[in-house]
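Below is one structure, written out as structure tokens; the observations come after it.
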Amino acid sequence: MSLRPKPRIATVSLGGCFGCHMSLLDMDEQLFELLDQVELDRSPLTDLKTLAPCDIGLIEGGLCNAENVHLLQEFRARCRILVAVGACAINGGLPAQRNTRRLGDCLREVYQFRPGLVHGQIPNDPELPLLLDQVRPLHEVVQVDYSLPGCPPSGEALRKFISDLLAGHSPRLTDGLLHYD
């Protein structure tokens with residue numbers, strides 16, 4: 001048994017669909033092999049609410065609100081390597097489609113004037129995170145060390161990418177691991 005601690009990996013989903021985390025689960029039994037090699041820190045898979053210093057931080061989703069920005073900055077401060085995973089983290093993805101409209105117009109359309117709504121109102125609770133005027137990719141707020149493209153990237157691409165990082169190599173995805181359908 002090695003006295004050297006296992007590398008720590010943390011994950012978080014910001015403004016997106018959670019598809020990149022589903023790809024992590026798509027690693028199937030290889031996920032168990034990965035978990036033998038690493039310690040999983042804060043992640044929807046662990047339900048831990050705090051973040052210890054980590055070797056690798058995997059972040060999916062774009063920056064849609066102030067809470068997303070805070071989490072991203074926390075990950076950058078505590079993760080040695082930060083990886084933007086998926087289209088939303090890299091370029092804003094589908095959530096960034098709202099960037100062509102003013103935020104107030106989007107909110108009115110969704111919460112007040114959508115067909116079927118009666119007496120609709122825009123949510124105004126201090127518990128809700130403050131929305132950003134525009135959805136932003138991660139690299140516009142912090143330095144990102146690596147990007148793993150896809151919407152979402154496949155489980156096999158995630159496995160290879162993480163394995164390369166754990167081996168101390170710059171990730172190289174070849175053999176058709178990236179698909180742009």
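In the structure tokens, the first chain shown is A, the next is B, and so on; residue numbers restart at 1 for each chain, and ligands run from 1 in the order shown.
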
Check your understanding: What lies within 7 Å of region 32-41 of chain A using only C-alpha atoms, ignoring chain neighbours under 6 positions off, as a VMD selection string?
Key -> chain A and resid 6 to 10 48 51

Can you check which parts of region 152-171 of chain A lie within 12 Å of region 75-85 of chain A? Per residue, the shortest pair of atoms and distance in Å to one decimal, counting only C-alpha atoms, sorted by chain and number, as JSON lines.
{"residue": "A:Pro152", "atom": "CA", "partner": "A:Val85", "partner_atom": "CA", "distance": 8.1}
{"residue": "A:Pro153", "atom": "CA", "partner": "A:Val85", "partner_atom": "CA", "distance": 7.7}
{"residue": "A:Ser154", "atom": "CA", "partner": "A:Val85", "partner_atom": "CA", "distance": 10.8}
{"residue": "A:Gly155", "atom": "CA", "partner": "A:Val85", "partner_atom": "CA", "distance": 11.7}
{"residue": "A:Ala157", "atom": "CA", "partner": "A:Val85", "partner_atom": "CA", "distance": 10.7}
{"residue": "A:Leu158", "atom": "CA", "partner": "A:Val85", "partner_atom": "CA", "distance": 8.8}
{"residue": "A:Phe161", "atom": "CA", "partner": "A:Val83", "partner_atom": "CA", "distance": 10.0}
{"residue": "A:Ile162", "atom": "CA", "partner": "A:Val83", "partner_atom": "CA", "distance": 9.9}
{"residue": "A:Leu165", "atom": "CA", "partner": "A:Ile81", "partner_atom": "CA", "distance": 8.9}
{"residue": "A:Leu166", "atom": "CA", "partner": "A:Ile81", "partner_atom": "CA", "distance": 10.7}
{"residue": "A:Gly168", "atom": "CA", "partner": "A:Ile81", "partner_atom": "CA", "distance": 11.1}
{"residue": "A:Ser170", "atom": "CA", "partner": "A:Ile81", "partner_atom": "CA", "distance": 11.2}
{"residue": "A:Pro171", "atom": "CA", "partner": "A:Val83", "partner_atom": "CA", "distance": 10.9}

Would you list, as a compact mmCIF listing (two decimals) with N, CA, C and O atoms, in the first residue's frame, the residues of chain A that end up in strand (DSSP E) under DSSP run on this structure's backbone?
# COMPACT_ATOMS: atom_id res chain seq x y z
N ARG A 8 -6.63 14.12 -5.91
CA ARG A 8 -8.01 14.52 -5.60
C ARG A 8 -8.61 15.20 -6.83
O ARG A 8 -8.00 16.06 -7.44
N ILE A 9 -9.84 14.78 -7.17
CA ILE A 9 -10.58 15.36 -8.28
C ILE A 9 -11.89 15.92 -7.74
O ILE A 9 -12.56 15.27 -6.94
N ALA A 10 -12.24 17.11 -8.20
CA ALA A 10 -13.52 17.72 -7.86
C ALA A 10 -14.24 18.06 -9.16
O ALA A 10 -13.60 18.34 -10.18
N THR A 11 -15.56 18.03 -9.13
CA THR A 11 -16.35 18.39 -10.30
C THR A 11 -17.49 19.30 -9.86
O THR A 11 -17.93 19.26 -8.72
N VAL A 12 -17.96 20.13 -10.80
CA VAL A 12 -19.12 20.96 -10.54
C VAL A 12 -19.83 21.24 -11.86
O VAL A 12 -19.20 21.27 -12.91
N SER A 13 -21.13 21.41 -11.77
CA SER A 13 -21.94 21.77 -12.92
C SER A 13 -22.48 23.18 -12.69
O SER A 13 -23.14 23.43 -11.68
N GLU A 39 -9.19 10.21 -5.31
CA GLU A 39 -10.16 10.52 -4.26
C GLU A 39 -11.08 11.59 -4.84
O GLU A 39 -10.62 12.62 -5.35
N LEU A 40 -12.36 11.33 -4.79
CA LEU A 40 -13.33 12.26 -5.34
C LEU A 40 -13.73 13.25 -4.25
O LEU A 40 -14.21 12.86 -3.18
N CYS A 54 -7.41 20.49 -4.40
CA CYS A 54 -7.52 19.35 -5.33
C CYS A 54 -6.47 19.44 -6.42
O CYS A 54 -5.96 20.52 -6.73
N ASP A 55 -6.18 18.29 -6.99
CA ASP A 55 -5.27 18.23 -8.12
C ASP A 55 -5.95 18.63 -9.41
O ASP A 55 -5.38 19.34 -10.23
N ILE A 56 -7.18 18.16 -9.61
CA ILE A 56 -7.90 18.41 -10.86
C ILE A 56 -9.32 18.87 -10.55
O ILE A 56 -10.02 18.23 -9.75
N GLY A 57 -9.74 19.94 -11.19
CA GLY A 57 -11.12 20.41 -11.12
C GLY A 57 -11.74 20.33 -12.49
O GLY A 57 -11.19 20.88 -13.46
N LEU A 58 -12.84 19.61 -12.61
CA LEU A 58 -13.57 19.47 -13.87
C LEU A 58 -14.84 20.30 -13.75
O LEU A 58 -15.67 20.05 -12.87
N ILE A 59 -15.00 21.28 -14.65
CA ILE A 59 -16.15 22.18 -14.56
C ILE A 59 -16.93 22.15 -15.86
O ILE A 59 -16.37 22.39 -16.93
N GLU A 60 -18.21 21.85 -15.74
CA GLU A 60 -19.10 21.91 -16.90
C GLU A 60 -20.05 23.07 -16.70
O GLU A 60 -20.33 23.49 -15.58
N LEU A 63 -21.18 30.42 -17.26
CA LEU A 63 -21.42 31.32 -16.14
C LEU A 63 -22.70 32.11 -16.42
O LEU A 63 -22.71 33.01 -17.26
N CYS A 64 -23.76 31.75 -15.71
CA CYS A 64 -25.07 32.38 -15.91
C CYS A 64 -25.45 33.32 -14.78
O CYS A 64 -26.28 34.20 -14.97
N ASN A 65 -24.87 33.10 -13.59
CA ASN A 65 -25.27 33.91 -12.44
C ASN A 65 -24.08 34.12 -11.50
O ASN A 65 -23.02 33.52 -11.68
N CYS A 79 -7.88 24.32 -7.08
CA CYS A 79 -7.54 23.22 -7.98
C CYS A 79 -6.25 23.56 -8.74
O CYS A 79 -6.16 24.61 -9.37
N ARG A 80 -5.30 22.66 -8.67
CA ARG A 80 -4.03 22.84 -9.36
C ARG A 80 -4.23 22.90 -10.87
O ARG A 80 -3.66 23.72 -11.56
N ILE A 81 -5.08 22.02 -11.40
CA ILE A 81 -5.41 21.98 -12.83
C ILE A 81 -6.90 22.19 -12.96
O ILE A 81 -7.70 21.49 -12.33
N LEU A 82 -7.30 23.15 -13.79
CA LEU A 82 -8.72 23.43 -14.01
C LEU A 82 -9.07 23.10 -15.46
O LEU A 82 -8.39 23.58 -16.39
N VAL A 83 -10.11 22.30 -15.64
CA VAL A 83 -10.51 21.85 -16.97
C VAL A 83 -11.94 22.32 -17.26
O VAL A 83 -12.86 22.04 -16.50
N ALA A 84 -12.09 23.03 -18.37
CA ALA A 84 -13.42 23.41 -18.88
C ALA A 84 -13.93 22.22 -19.68
O ALA A 84 -13.32 21.82 -20.68
N VAL A 85 -15.03 21.63 -19.24
CA VAL A 85 -15.55 20.42 -19.87
C VAL A 85 -16.85 20.76 -20.63
O VAL A 85 -17.82 21.20 -20.02
N LEU A 131 -28.65 36.99 -11.71
CA LEU A 131 -28.33 36.60 -13.09
C LEU A 131 -27.34 37.58 -13.70
O LEU A 131 -27.41 38.79 -13.45
N LEU A 132 -26.43 37.06 -14.50
CA LEU A 132 -25.51 37.90 -15.27
C LEU A 132 -26.24 38.39 -16.52
O LEU A 132 -27.12 37.69 -17.05
N ASP A 133 -25.87 39.56 -17.02
CA ASP A 133 -26.49 40.08 -18.24
C ASP A 133 -26.23 39.17 -19.44
O ASP A 133 -27.06 39.07 -20.33
N GLN A 134 -25.06 38.52 -19.44
CA GLN A 134 -24.67 37.63 -20.53
C GLN A 134 -24.12 36.33 -19.95
O GLN A 134 -23.48 36.36 -18.90
N VAL A 135 -24.35 35.23 -20.62
CA VAL A 135 -23.72 33.95 -20.25
C VAL A 135 -22.27 34.02 -20.73
O VAL A 135 -22.01 34.41 -21.88
N ARG A 136 -21.33 33.64 -19.87
CA ARG A 136 -19.92 33.73 -20.19
C ARG A 136 -19.24 32.37 -20.11
O ARG A 136 -19.59 31.55 -19.26
N TYR A 146 -6.99 23.47 -19.30
CA TYR A 146 -7.32 22.59 -20.43
C TYR A 146 -8.80 22.72 -20.74
O TYR A 146 -9.60 23.05 -19.87
N SER A 147 -9.14 22.41 -21.98
CA SER A 147 -10.53 22.36 -22.42
C SER A 147 -10.80 21.02 -23.07
O SER A 147 -10.00 20.54 -23.87
N LEU A 148 -11.93 20.43 -22.72
CA LEU A 148 -12.37 19.17 -23.32
C LEU A 148 -13.68 19.43 -24.06
O LEU A 148 -14.73 19.57 -23.43

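Relative to CA of Gly150 (chain A), CA of Leu177 (chain A) is found at 9.9 Å.
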
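CA of Gly61 (chain A) lies 7.7 Å from CA of Phe18 (chain A).
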
Check your understanding: So which one's closest to Met22 (chain A), A:Leu103, A:Leu45, A:Leu138, A:Val110? Using only C-alpha atoms, please.
Key -> A:Leu45

Check your understanding: Just asking: which residues within region 75-119 of chain A are alpha helix (DSSP H) according to DSSP, as JSON, numbers by chain?
Key -> {"A": [75, 76, 77, 78, 87, 88, 89, 90, 91, 103, 104, 105, 106, 107, 108, 109, 110, 111]}

Keeping only N, CA and C atoms, write those residues as an mmCIF file, in the first residue's frame.
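Just written: selection33.cif:
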data_model
loop_
_atom_site.group_PDB
_atom_site.id
_atom_site.type_symbol
_atom_site.label_atom_id
_atom_site.label_comp_id
_atom_site.auth_asym_id
_atom_site.auth_seq_id
_atom_site.Cartn_x
_atom_site.Cartn_y
_atom_site.Cartn_z
ATOM 1 N N PHE A 75 -13.057 27.105 -7.288
ATOM 2 C CA PHE A 75 -12.369 25.980 -7.927
ATOM 3 C C PHE A 75 -10.994 26.404 -8.424
ATOM 4 N N ARG A 76 -10.910 27.591 -9.055
ATOM 5 C CA ARG A 76 -9.616 28.044 -9.558
ATOM 6 C C ARG A 76 -8.616 28.213 -8.412
ATOM 7 N N ALA A 77 -9.082 28.716 -7.275
ATOM 8 C CA ALA A 77 -8.193 28.940 -6.135
ATOM 9 C C ALA A 77 -7.734 27.633 -5.497
ATOM 10 N N ARG A 78 -8.529 26.572 -5.608
ATOM 11 C CA ARG A 78 -8.227 25.337 -4.883
ATOM 12 C C ARG A 78 -7.829 24.160 -5.762
ATOM 13 N N ALA A 87 -19.103 22.196 -24.258
ATOM 14 C CA ALA A 87 -19.326 23.431 -25.010
ATOM 15 C C ALA A 87 -19.759 24.593 -24.122
ATOM 16 N N CYS A 88 -20.586 24.346 -23.125
ATOM 17 C CA CYS A 88 -21.067 25.450 -22.283
ATOM 18 C C CYS A 88 -19.920 26.086 -21.510
ATOM 19 N N ALA A 89 -19.015 25.286 -20.977
ATOM 20 C CA ALA A 89 -17.867 25.806 -20.233
ATOM 21 C C ALA A 89 -16.869 26.499 -21.162
ATOM 22 N N ILE A 90 -16.759 26.011 -22.387
ATOM 23 C CA ILE A 90 -15.759 26.527 -23.319
ATOM 24 C C ILE A 90 -16.233 27.793 -24.034
ATOM 25 N N ASN A 91 -17.500 27.806 -24.470
ATOM 26 C CA ASN A 91 -17.963 28.981 -25.233
ATOM 27 C C ASN A 91 -19.360 29.470 -24.843
ATOM 28 N N LEU A 103 -31.420 40.777 -21.071
ATOM 29 C CA LEU A 103 -31.856 39.884 -19.995
ATOM 30 C C LEU A 103 -33.299 40.180 -19.580
ATOM 31 N N GLY A 104 -33.642 41.441 -19.403
ATOM 32 C CA GLY A 104 -35.012 41.801 -19.001
ATOM 33 C C GLY A 104 -36.048 41.302 -19.985
ATOM 34 N N ASP A 105 -35.748 41.392 -21.287
ATOM 35 C CA ASP A 105 -36.671 40.893 -22.313
ATOM 36 C C ASP A 105 -36.853 39.387 -22.190
ATOM 37 N N CYS A 106 -35.765 38.663 -21.945
ATOM 38 C CA CYS A 106 -35.845 37.198 -21.774
ATOM 39 C C CYS A 106 -36.713 36.848 -20.567
ATOM 40 N N LEU A 107 -36.476 37.520 -19.463
ATOM 41 C CA LEU A 107 -37.238 37.224 -18.239
ATOM 42 C C LEU A 107 -38.723 37.523 -18.429
ATOM 43 N N ARG A 108 -39.042 38.652 -19.064
ATOM 44 C CA ARG A 108 -40.457 38.972 -19.297
ATOM 45 C C ARG A 108 -41.109 37.928 -20.200
ATOM 46 N N GLU A 109 -40.394 37.515 -21.241
ATOM 47 C CA GLU A 109 -40.960 36.535 -22.165
ATOM 48 C C GLU A 109 -41.238 35.207 -21.477
ATOM 49 N N VAL A 110 -40.318 34.774 -20.625
ATOM 50 C CA VAL A 110 -40.452 33.465 -19.979
ATOM 51 C C VAL A 110 -41.446 33.498 -18.811
ATOM 52 N N TYR A 111 -41.378 34.527 -17.987
ATOM 53 C CA TYR A 111 -42.149 34.524 -16.752
ATOM 54 C C TYR A 111 -43.438 35.332 -16.785
#

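Of note, CA of His139 (chain A) and CA of Gly86 (chain A) are spaced 12.8 Å apart.
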
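The residue that comes closest to Pro129 (chain A), out of A:Gly15, A:Gly176, A:Pro44, A:Pro95 and on the basis of only C-alpha atoms, is A:Gly15.
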
Practice item. Give me the residues within 7 Å of Glu156 (chain A) as a list of chain:residue names, counting only C-alpha atoms and dropping any in the same chain fewer than 3 places off. Key: A:Met27, A:Arg159, A:Lys160, A:Leu177

Print the selection's residues with N, CA and C atoms to a file, as a tab-separated table (two decimals), in the first residue's frame.
chain	number	residue	atom	x	y	z
A	27	MET	N	-18.90	6.21	-18.29
A	27	MET	CA	-17.65	5.44	-18.29
A	27	MET	C	-17.92	4.02	-17.80
A	159	ARG	N	-12.60	9.65	-19.92
A	159	ARG	CA	-11.70	8.68	-19.30
A	159	ARG	C	-10.26	8.88	-19.80
A	160	LYS	N	-10.10	9.02	-21.11
A	160	LYS	CA	-8.77	9.21	-21.68
A	160	LYS	C	-8.16	10.52	-21.21
A	177	LEU	N	-12.10	10.09	-30.73
A	177	LEU	CA	-12.76	10.32	-29.44
A	177	LEU	C	-13.59	11.60	-29.42
